[in-house]
file work14.cif (mmCIF, C-alpha atoms)
data_query
loop_
_atom_site.label_atom_id
_atom_site.label_comp_id
_atom_site.auth_asym_id
_atom_site.auth_seq_id
_atom_site.Cartn_x
_atom_site.Cartn_y
_atom_site.Cartn_z
CA MET T 113 78.50 16.95 48.31
CA ASP T 114 77.35 13.65 46.77
CA LYS T 115 78.18 11.80 50.00
CA LEU T 116 76.14 14.33 51.98
CA ASN T 117 73.17 14.03 49.63
CA ASN T 118 73.35 10.25 49.73
CA ALA T 119 73.44 10.32 53.52
CA LYS T 120 70.35 12.56 53.58
CA MET T 121 68.53 10.26 51.19
CA LEU T 122 69.32 7.21 53.29
CA PHE T 123 68.21 9.01 56.44
CA ASN T 124 64.91 10.06 54.84
CA GLU T 125 64.31 6.55 53.57
CA LEU T 126 64.86 5.18 57.07
CA ILE T 127 62.42 7.69 58.55
CA ASP T 128 59.82 6.86 55.89
CA LYS T 129 60.27 3.13 56.54
CA ASN T 130 59.77 3.63 60.27
CA LYS T 131 56.71 5.84 59.71
CA LYS T 132 55.18 3.26 57.39
CA ALA T 133 55.79 0.56 60.00
CA PHE T 134 54.04 2.67 62.63
CA ASP T 135 51.14 3.60 60.33
CA ALA T 136 50.54 -0.09 59.66
CA THR T 137 49.68 -0.58 63.36
CA CYS T 138 47.24 2.36 63.56
CA ASN T 139 43.50 1.88 64.00
CA ILE T 140 42.20 5.44 63.64
CA GLN T 141 42.75 8.84 62.05
CA VAL T 142 42.52 12.04 64.08
CA LYS T 143 42.67 15.76 63.53
CA LEU T 144 44.83 17.89 65.80
CA LEU T 145 42.68 20.98 66.19
CA MET T 146 45.39 23.16 67.71
CA ASN T 147 47.72 22.33 64.83
CA LYS T 148 45.77 23.73 61.85
CA ARG T 149 43.45 20.70 61.84
CA GLN T 150 46.29 18.42 60.78
CA LEU T 151 45.33 14.84 60.00
CA GLU T 152 47.38 12.10 61.67
CA LYS T 153 47.18 8.35 62.11
CA ALA T 154 47.10 7.00 65.66
CA ILE T 155 46.45 3.95 67.80
CA ARG T 156 43.42 4.38 70.06
CA SER T 157 43.36 2.21 73.17
CA ASP T 158 40.33 -0.01 73.81
CA ASP T 159 39.26 2.13 76.76
CA GLY T 160 39.73 5.37 74.80
CA ARG T 161 42.02 6.88 77.41
CA THR T 162 45.14 7.01 75.24
CA TYR T 163 46.12 7.74 71.66
CA THR T 164 49.56 6.68 70.43
CA PHE T 165 51.34 8.83 67.82
CA TYR T 166 54.49 8.56 65.76
CA HIS T 167 57.23 10.33 67.73
CA LYS T 168 57.63 13.18 65.23
CA VAL T 169 54.01 14.31 65.48
CA THR T 170 53.79 17.75 67.10
CA ILE T 171 51.39 17.56 70.02
CA ARG T 172 51.26 19.52 73.26
CA MET T 173 49.51 19.51 76.60
CA HIS T 174 45.87 20.66 76.33
CA ASP T 175 45.77 20.26 72.57
CA LEU T 176 42.38 19.09 71.33
CA ILE T 177 41.89 15.97 69.24
CA VAL T 178 38.83 14.93 67.26
CA ASP T 179 38.96 11.44 65.81
CA GLU T 180 37.18 10.08 62.75
CA HIS T 181 34.23 9.03 64.93
CA ASN T 182 33.92 12.62 66.22
CA ARG T 183 35.16 11.85 69.70
CA LEU T 184 36.44 15.13 71.12
CA VAL T 185 39.22 14.86 73.72
CA GLU T 186 41.85 17.01 75.42
CA VAL T 187 45.49 16.00 75.91
CA ILE T 188 46.28 15.73 79.64
CA ASP T 189 49.61 13.87 79.55
CA ILE T 190 52.33 12.97 77.02
CA SER T 191 54.84 10.18 77.55
CA ASN T 192 58.52 10.32 76.73
CA VAL T 193 59.50 8.90 73.35
CA ILE T 194 59.38 5.09 73.44
CA LYS T 195 61.13 2.77 70.98
CA ASN T 196 59.57 -0.37 69.58
CA GLU T 197 62.57 -2.68 69.72
CA ASP T 198 61.03 -5.29 67.41
CA VAL T 199 60.27 -2.95 64.50
CA GLY T 200 62.49 0.02 65.27
CA TYR T 201 60.06 2.94 65.11
CA GLU T 202 59.61 5.40 67.99
CA TYR T 203 56.32 6.65 69.36
CA LYS T 204 54.70 8.57 72.21
CA VAL T 205 51.56 7.81 74.17
CA VAL T 206 49.09 10.64 74.79
CA SER T 207 46.61 10.41 77.67
CA VAL T 208 43.28 12.13 77.07
CA GLU T 209 39.98 12.93 78.70
CA PRO T 210 36.68 14.12 77.17
CA TYR T 211 36.82 17.83 76.44
CA VAL T 212 34.40 20.14 78.21
CA ASN T 213 33.88 23.14 75.99
CA GLN T 214 33.62 26.52 77.68
CA ALA T 215 32.75 28.52 74.56
CA GLY T 216 29.33 27.76 73.12
CA ILE T 217 27.51 24.65 74.30
CA VAL T 218 28.91 22.96 77.36
CA SER T 219 28.32 19.35 78.30
CA LEU T 220 27.13 17.31 81.17
CA SER T 221 26.29 18.31 84.75
CA SER T 222 23.00 18.58 86.60
CA LYS T 223 20.89 21.47 85.27
CA ILE T 224 20.32 23.92 82.47
CA LYS T 225 21.96 27.31 82.41
CA ALA T 226 20.98 29.59 79.80
CA ALA T 227 21.90 32.24 77.42
CA ASP T 228 22.99 35.72 76.74
CA ASN T 229 24.69 37.35 73.78
CA GLY T 230 24.10 34.27 71.65
CA LYS T 231 26.06 32.04 74.03
CA ILE T 232 24.14 28.95 75.09
CA ILE T 233 25.33 26.76 77.92
CA ILE T 234 23.51 23.48 78.37
CA GLN T 235 24.16 21.13 81.22
CA SER T 236 22.31 17.96 82.13
CA GLY T 237 22.99 14.72 83.96
CA GLY T 238 23.17 11.32 82.33
CA ASP T 239 22.57 10.22 78.77
CA VAL T 240 20.98 12.81 76.52
CA ASN T 241 18.39 12.20 73.81
CA ILE T 242 16.29 14.34 71.49
CA ASN T 243 12.57 14.31 72.25
CA ASN T 244 10.41 16.84 70.42
CA SER T 245 12.98 19.63 70.67
CA SER T 246 13.63 18.91 74.34
CA ILE T 247 16.52 17.28 76.17
CA ASN T 248 15.61 14.20 78.15
CA ASN T 249 18.16 12.53 80.40
CA GLU T 250 18.15 9.25 82.30
CA ASN T 251 16.90 11.01 85.45
CA LYS T 252 13.62 11.74 83.60
CA ILE T 253 14.27 15.48 83.69
CA VAL T 254 12.97 17.12 80.53
CA ILE T 255 14.44 20.50 79.68
CA SER T 256 13.06 22.64 76.89
CA ILE T 257 16.26 23.95 75.41
CA LEU T 258 14.46 26.46 73.23
CA GLN T 259 12.04 27.86 75.78
CA ASP T 260 13.99 31.01 76.60
CA VAL T 261 16.49 30.98 73.75
CA ASN T 262 16.23 32.59 70.34
CA LEU T 263 16.52 29.78 67.80
CA LYS T 264 18.91 31.65 65.54
CA SER T 265 21.19 32.49 68.51
CA ALA T 266 21.14 28.82 69.46
CA TRP T 267 22.25 27.92 65.93
CA VAL T 268 25.06 30.51 65.99
CA ALA T 269 26.43 28.95 69.19
CA ALA T 270 26.08 25.41 67.84
CA LYS T 271 27.74 26.30 64.54
CA TYR T 272 30.65 27.95 66.37
CA ASP T 273 31.32 24.73 68.29
CA LEU T 274 30.92 22.61 65.19
CA TYR T 275 33.55 24.60 63.32
CA GLN T 276 35.96 25.03 66.19
CA LEU T 277 35.81 21.63 67.80
CA PHE T 278 34.65 18.97 65.36
CA ASP T 279 35.29 17.56 61.93
CA CYS T 280 33.08 20.24 60.40
CA GLU T 281 33.78 19.21 56.80
CA LYS T 282 31.33 16.33 57.27
CA TYR T 283 28.49 18.75 57.98
CA CYS T 284 28.95 21.51 55.39
CA ASP T 285 25.72 20.64 53.55
CA MET T 286 23.75 20.71 56.81
CA VAL T 287 25.27 24.02 57.92
CA ASP T 288 24.60 25.56 54.50
CA ALA T 289 20.93 24.51 54.56
CA VAL T 290 20.32 25.82 58.09
CA ASP T 291 22.06 29.12 57.27
CA LYS T 292 19.87 29.49 54.17
CA HIS T 293 16.78 28.77 56.28
CA PHE T 294 17.65 31.53 58.73
CA ASN T 295 18.34 33.86 55.80
CA GLY T 296 14.78 33.36 54.61
CA GLU T 297 15.30 30.80 51.85
CA GLU T 298 12.81 27.97 51.53
CA ILE T 299 14.38 24.56 52.24
CA LYS T 300 12.39 21.34 51.90
CA LYS T 301 11.29 19.70 55.14
CA ALA T 302 12.61 16.32 53.95
CA LYS T 303 16.13 17.71 53.78
CA PHE T 304 16.06 18.72 57.45
CA GLU T 305 14.64 15.32 58.39
CA LYS T 306 17.73 13.70 56.82
CA PHE T 307 19.97 16.14 58.71
CA VAL T 308 18.48 15.04 62.05
CA GLU T 309 19.92 11.59 61.38
CA LYS T 310 23.21 13.14 60.31
CA ALA T 311 23.39 15.18 63.53
CA LYS T 312 23.55 11.92 65.50
CA GLY T 313 27.12 11.58 64.22
CA ILE T 314 28.17 14.68 66.18
CA ALA T 315 29.55 13.63 69.54
CA GLY T 316 27.78 14.26 72.82
CA VAL T 317 25.50 17.10 73.78
CA LEU T 318 26.39 19.22 70.74
CA GLY T 319 24.88 16.60 68.44
CA THR T 320 21.77 16.52 70.62
CA PHE T 321 21.54 20.29 70.57
CA VAL T 322 21.97 20.54 66.78
CA GLY T 323 19.37 17.78 66.37
CA ALA T 324 16.93 19.64 68.60
CA ILE T 325 17.37 22.82 66.56
CA LEU T 326 16.69 20.84 63.39
CA VAL T 327 13.54 19.29 64.93
CA GLU T 328 12.32 22.77 65.83
CA ILE T 329 12.95 23.94 62.24
CA ILE T 330 11.04 20.89 60.94
CA ASN T 331 8.11 21.67 63.24
CA GLY T 332 7.91 25.15 61.73
CA THR T 333 8.46 24.06 58.12
CA LYS T 334 5.59 23.33 55.74
#
call {"tool": "encode", "arguments": {"input": "work14.cif", "output": "structure tokens"}}
result
Amino acid sequence: MDKLNNAKMLFNELIDKNKKAFDATCNIQVKLLMNKRQLEKAIRSDDGRTYTFYHKVTIRMHDLIVDEHNRLVEVIDISNVIKNEDVGYEYKVVSVEPYVNQAGIVSLSSKIKAADNGKIIIQSGGDVNINNSSINNENKIVISILQDVNLKSAWVAAKYDLYQLFDCEKYCDMVDAVDKHFNGEEIKKAKFEKFVEKAKGIAGVLGTFVGAILVEIINGTK
């Protein structure tokens, strides 16, 4: 029994040593959204097309990854396990592409689609910026995202995406304040102005959309 326990201890120590060696090469932390939001270290390539994980990390095709900079990507390919001959650890390379969400607020194409049952779908071409609660893209097309959409329904859709697809823990104070606003509580205008800056940390069109909702709240707040 002692020999068996000693063998297990040696094996675990070897695994830990290899994992530490891999972790030392990592340049980013990510959350695996399909795996109970598990936090893992990874190596992100310069072009952002691949993330490299320790070989024991559980990851599958079409899993979603959000990294610490709120980049949201979908797994489209997973390599076989590769061994680093110099150090001895094993790893796998995961190819990714930006995730297009089909649930609440959807990203970039050429026009706006709009909204029923609290589901908002926004599409536009090019880079997106907030401009007085509108979306303005590089083609100079300005779309009023709130023209035909109930503001509270827009927030419900945005909050759903924030919780399902992003590192929502960073935005709990913002979510709490907006919820209180829609529940009739008085929140200071200055607080929402700070949240507009915070919303810029949310990747892509969702951040723009959340920012636009906040601007609209500010415009209606004394």
call {"tool": "residues_around", "arguments": {"input": "work14.cif", "residues": "T:Phe304", "least_positions_apart": "5", "cutoff": "10 Å", "atoms": "only C-alpha atoms", "output": "PDB file with C-alpha atoms, keeping the file's coordinate frame"}}
result
ATOM      1  CA  MET T 286      23.750  20.710  56.810  1.00  0.00           C
ATOM      2  CA  ALA T 289      20.930  24.510  54.560  1.00  0.00           C
ATOM      3  CA  VAL T 290      20.320  25.820  58.090  1.00  0.00           C
ATOM      4  CA  ILE T 299      14.380  24.560  52.240  1.00  0.00           C
ATOM      5  CA  GLU T 309      19.920  11.590  61.380  1.00  0.00           C
ATOM      6  CA  LYS T 310      23.210  13.140  60.310  1.00  0.00           C
ATOM      7  CA  GLY T 323      19.370  17.780  66.370  1.00  0.00           C
ATOM      8  CA  LEU T 326      16.690  20.840  63.390  1.00  0.00           C
ATOM      9  CA  VAL T 327      13.540  19.290  64.930  1.00  0.00           C
ATOM     10  CA  ILE T 329      12.950  23.940  62.240  1.00  0.00           C
ATOM     11  CA  ILE T 330      11.040  20.890  60.940  1.00  0.00           C
ATOM     12  CA  THR T 333       8.460  24.060  58.120  1.00  0.00           C
TER      13      THR T 333
END
call {"tool": "resolve_selection", "arguments": {"input": "work14.cif", "expression": "the PyMOL selection byres ((chain T and resi 274-276) around 10)", "output": "ChimeraX atom specification"}}
result
/T:145-146,149,215-217,268-273,277-281,283-284,287,314,318-319,322
call {"tool": "residues_near_point", "arguments": {"input": "work14.cif", "point": "(48.7, 20.5, 76.7)", "cutoff": "8 Å", "atoms": "all atoms listed in the file", "output": "PDB file with C-alpha atoms, keeping the file's coordinate frame"}}
result
ATOM      1  CA  ILE T 171      51.390  17.560  70.020  1.00  0.00           C
ATOM      2  CA  ARG T 172      51.260  19.520  73.260  1.00  0.00           C
ATOM      3  CA  MET T 173      49.510  19.510  76.600  1.00  0.00           C
ATOM      4  CA  HIS T 174      45.870  20.660  76.330  1.00  0.00           C
ATOM      5  CA  ASP T 175      45.770  20.260  72.570  1.00  0.00           C
ATOM      6  CA  GLU T 186      41.850  17.010  75.420  1.00  0.00           C
ATOM      7  CA  VAL T 187      45.490  16.000  75.910  1.00  0.00           C
ATOM      8  CA  ILE T 188      46.280  15.730  79.640  1.00  0.00           C
ATOM      9  CA  ASP T 189      49.610  13.870  79.550  1.00  0.00           C
TER      10      ASP T 189
END
call {"tool": "closest_residue", "arguments": {"input": "work14.cif", "among": "T:Lys143, T:Arg161, T:Tyr203, T:Lys148", "to": "T:Ser191", "atoms": "only C-alpha atoms"}}
result
T:Tyr203
call {"tool": "residues_around", "arguments": {"input": "work14.cif", "residues": "T:Phe134", "least_positions_apart": "3", "cutoff": "10 Å", "atoms": "all atoms listed in the file", "output": "count of residues only"}}
result
19
call {"tool": "axis_aligned_box", "arguments": {"input": "work14.cif", "around": "stretch 135-142 of chain T", "padding_each_side": "5 Å", "output": "JSON"}}
result
{"center_x": 46.7, "center_y": 5.7, "center_z": 61.9, "size_x": 18.9, "size_y": 22.6, "size_z": 14.4}
call {"tool": "atom_distance", "arguments": {"input": "work14.cif", "atom1": "atom CA of T:Val169", "atom2": "atom CA of T:Glu197"}}
result
19.5 Å
call {"tool": "closest_residue", "arguments": {"input": "work14.cif", "among": "T:Lys282, T:His293, T:Lys300, T:Arg156", "to": "T:Gln141", "atoms": "only C-alpha atoms"}}
result
T:Arg156
call {"tool": "closest_residue", "arguments": {"input": "work14.cif", "among": "T:Val193, T:Ala266, T:Ala133, T:Leu184", "to": "T:Val208", "atoms": "only C-alpha atoms"}}
result
T:Leu184
call {"tool": "residues_around", "arguments": {"input": "work14.cif", "residues": "T:Val142", "least_positions_apart": "5", "cutoff": "6 Å", "atoms": "only C-alpha atoms", "output": "VMD selection string"}}
result
chain T and resid 151 to 152 178 to 180
call {"tool": "write_last_selection", "arguments": {"input": "work14.cif", "atoms": "C-alpha atoms", "output": "PDB file, in the frame of the given file"}}
result
ATOM      1  CA  LEU T 151      45.330  14.840  60.000  1.00  0.00           C
ATOM      2  CA  GLU T 152      47.380  12.100  61.670  1.00  0.00           C
ATOM      3  CA  VAL T 178      38.830  14.930  67.260  1.00  0.00           C
ATOM      4  CA  ASP T 179      38.960  11.440  65.810  1.00  0.00           C
ATOM      5  CA  GLU T 180      37.180  10.080  62.750  1.00  0.00           C
TER       6      GLU T 180
END
call {"tool": "closest_residue", "arguments": {"input": "work14.cif", "among": "T:Val205, T:Ile140, T:Ile325, T:Ile190", "to": "T:Lys264", "atoms": "only C-alpha atoms"}}
result
T:Ile325
call {"tool": "build_atoms", "arguments": {"input": "work14.cif", "residues": "stretch 128-139 of chain T", "atoms": "all heavy atoms", "output": "PDB file, keeping the file's coordinate frame"}}
result
ATOM      1  N   ASP T 128      61.033   7.277  56.580  1.00  0.00           N
ATOM      2  CA  ASP T 128      59.820   6.860  55.890  1.00  0.00           C
ATOM      3  C   ASP T 128      59.475   5.408  56.203  1.00  0.00           C
ATOM      4  O   ASP T 128      58.313   5.059  56.413  1.00  0.00           O
ATOM      5  CB  ASP T 128      59.984   7.026  54.372  1.00  0.00           C
ATOM      6  CG  ASP T 128      60.001   8.482  53.947  1.00  0.00           C
ATOM      7  OD1 ASP T 128      59.568   9.329  54.743  1.00  0.00           O
ATOM      8  OD2 ASP T 128      60.457   8.748  52.831  1.00  0.00           O
ATOM      9  N   LYS T 129      60.481   4.551  56.240  1.00  0.00           N
ATOM     10  CA  LYS T 129      60.270   3.130  56.540  1.00  0.00           C
ATOM     11  C   LYS T 129      59.695   2.968  57.947  1.00  0.00           C
ATOM     12  O   LYS T 129      58.752   2.203  58.176  1.00  0.00           O
ATOM     13  CB  LYS T 129      61.586   2.377  56.408  1.00  0.00           C
ATOM     14  CG  LYS T 129      61.468   0.876  56.633  1.00  0.00           C
ATOM     15  CD  LYS T 129      62.827   0.198  56.467  1.00  0.00           C
ATOM     16  CE  LYS T 129      62.717  -1.297  56.738  1.00  0.00           C
ATOM     17  NZ  LYS T 129      64.027  -1.972  56.603  1.00  0.00           N
ATOM     18  N   ASN T 130      60.256   3.703  58.900  1.00  0.00           N
ATOM     19  CA  ASN T 130      59.770   3.630  60.270  1.00  0.00           C
ATOM     20  C   ASN T 130      58.340   4.161  60.391  1.00  0.00           C
ATOM     21  O   ASN T 130      57.506   3.596  61.100  1.00  0.00           O
ATOM     22  CB  ASN T 130      60.693   4.412  61.210  1.00  0.00           C
ATOM     23  CG  ASN T 130      62.012   3.688  61.442  1.00  0.00           C
ATOM     24  OD1 ASN T 130      62.116   2.480  61.227  1.00  0.00           O
ATOM     25  ND2 ASN T 130      63.030   4.426  61.857  1.00  0.00           N
ATOM     26  N   LYS T 131      58.060   5.253  59.676  1.00  0.00           N
ATOM     27  CA  LYS T 131      56.710   5.840  59.710  1.00  0.00           C
ATOM     28  C   LYS T 131      55.701   4.878  59.103  1.00  0.00           C
ATOM     29  O   LYS T 131      54.592   4.702  59.635  1.00  0.00           O
ATOM     30  CB  LYS T 131      56.717   7.171  58.932  1.00  0.00           C
ATOM     31  CG  LYS T 131      55.373   7.883  58.900  1.00  0.00           C
ATOM     32  CD  LYS T 131      55.000   8.421  60.285  1.00  0.00           C
ATOM     33  CE  LYS T 131      53.879   9.451  60.222  1.00  0.00           C
ATOM     34  NZ  LYS T 131      52.610   8.928  59.708  1.00  0.00           N
ATOM     35  N   LYS T 132      56.071   4.237  58.012  1.00  0.00           N
ATOM     36  CA  LYS T 132      55.180   3.260  57.390  1.00  0.00           C
ATOM     37  C   LYS T 132      54.917   2.082  58.329  1.00  0.00           C
ATOM     38  O   LYS T 132      53.790   1.574  58.415  1.00  0.00           O
ATOM     39  CB  LYS T 132      55.769   2.766  56.079  1.00  0.00           C
ATOM     40  CG  LYS T 132      55.699   3.786  54.950  1.00  0.00           C
ATOM     41  CD  LYS T 132      56.374   3.263  53.692  1.00  0.00           C
ATOM     42  CE  LYS T 132      56.355   4.317  52.586  1.00  0.00           C
ATOM     43  NZ  LYS T 132      57.074   3.850  51.372  1.00  0.00           N
ATOM     44  N   ALA T 133      55.946   1.662  59.041  1.00  0.00           N
ATOM     45  CA  ALA T 133      55.790   0.560  60.000  1.00  0.00           C
ATOM     46  C   ALA T 133      54.834   0.955  61.115  1.00  0.00           C
ATOM     47  O   ALA T 133      53.989   0.154  61.546  1.00  0.00           O
ATOM     48  CB  ALA T 133      57.147   0.164  60.568  1.00  0.00           C
ATOM     49  N   PHE T 134      54.949   2.199  61.594  1.00  0.00           N
ATOM     50  CA  PHE T 134      54.040   2.670  62.630  1.00  0.00           C
ATOM     51  C   PHE T 134      52.616   2.779  62.088  1.00  0.00           C
ATOM     52  O   PHE T 134      51.661   2.315  62.712  1.00  0.00           O
ATOM     53  CB  PHE T 134      54.488   4.028  63.174  1.00  0.00           C
ATOM     54  CG  PHE T 134      53.502   4.632  64.137  1.00  0.00           C
ATOM     55  CD1 PHE T 134      53.464   4.214  65.453  1.00  0.00           C
ATOM     56  CD2 PHE T 134      52.582   5.580  63.710  1.00  0.00           C
ATOM     57  CE1 PHE T 134      52.534   4.729  66.341  1.00  0.00           C
ATOM     58  CE2 PHE T 134      51.650   6.106  64.583  1.00  0.00           C
ATOM     59  CZ  PHE T 134      51.625   5.683  65.909  1.00  0.00           C
ATOM     60  N   ASP T 135      52.481   3.400  60.916  1.00  0.00           N
ATOM     61  CA  ASP T 135      51.140   3.600  60.330  1.00  0.00           C
ATOM     62  C   ASP T 135      50.401   2.282  60.155  1.00  0.00           C
ATOM     63  O   ASP T 135      49.175   2.226  60.271  1.00  0.00           O
ATOM     64  CB  ASP T 135      51.250   4.306  58.981  1.00  0.00           C
ATOM     65  CG  ASP T 135      51.615   5.785  59.120  1.00  0.00           C
ATOM     66  OD1 ASP T 135      51.627   6.284  60.268  1.00  0.00           O
ATOM     67  OD2 ASP T 135      51.905   6.419  58.090  1.00  0.00           O
ATOM     68  N   ALA T 136      51.158   1.224  59.878  1.00  0.00           N
ATOM     69  CA  ALA T 136      50.540  -0.090  59.660  1.00  0.00           C
ATOM     70  C   ALA T 136      49.865  -0.622  60.927  1.00  0.00           C
ATOM     71  O   ALA T 136      48.992  -1.496  60.854  1.00  0.00           O
ATOM     72  CB  ALA T 136      51.576  -1.088  59.168  1.00  0.00           C
ATOM     73  N   THR T 137      50.262  -0.115  62.097  1.00  0.00           N
ATOM     74  CA  THR T 137      49.680  -0.580  63.360  1.00  0.00           C
ATOM     75  C   THR T 137      48.500   0.275  63.802  1.00  0.00           C
ATOM     76  O   THR T 137      47.834  -0.060  64.782  1.00  0.00           O
ATOM     77  CB  THR T 137      50.739  -0.569  64.484  1.00  0.00           C
ATOM     78  OG1 THR T 137      51.109   0.791  64.777  1.00  0.00           O
ATOM     79  CG2 THR T 137      51.977  -1.349  64.077  1.00  0.00           C
ATOM     80  N   CYS T 138      48.254   1.389  63.106  1.00  0.00           N
ATOM     81  CA  CYS T 138      47.240   2.360  63.560  1.00  0.00           C
ATOM     82  C   CYS T 138      45.826   1.852  63.301  1.00  0.00           C
ATOM     83  O   CYS T 138      45.575   1.108  62.355  1.00  0.00           O
ATOM     84  CB  CYS T 138      47.454   3.699  62.871  1.00  0.00           C
ATOM     85  SG  CYS T 138      48.980   4.520  63.378  1.00  0.00           S
ATOM     86  N   ASN T 139      44.898   2.289  64.150  1.00  0.00           N
ATOM     87  CA  ASN T 139      43.500   1.880  64.000  1.00  0.00           C
ATOM     88  C   ASN T 139      42.544   3.043  63.841  1.00  0.00           C
ATOM     89  O   ASN T 139      41.322   2.853  63.812  1.00  0.00           O
ATOM     90  CB  ASN T 139      43.068   1.000  65.186  1.00  0.00           C
ATOM     91  CG  ASN T 139      43.211   1.708  66.523  1.00  0.00           C
ATOM     92  OD1 ASN T 139      43.457   2.911  66.581  1.00  0.00           O
ATOM     93  ND2 ASN T 139      43.071   0.950  67.612  1.00  0.00           N
TER      94      ASN T 139
END
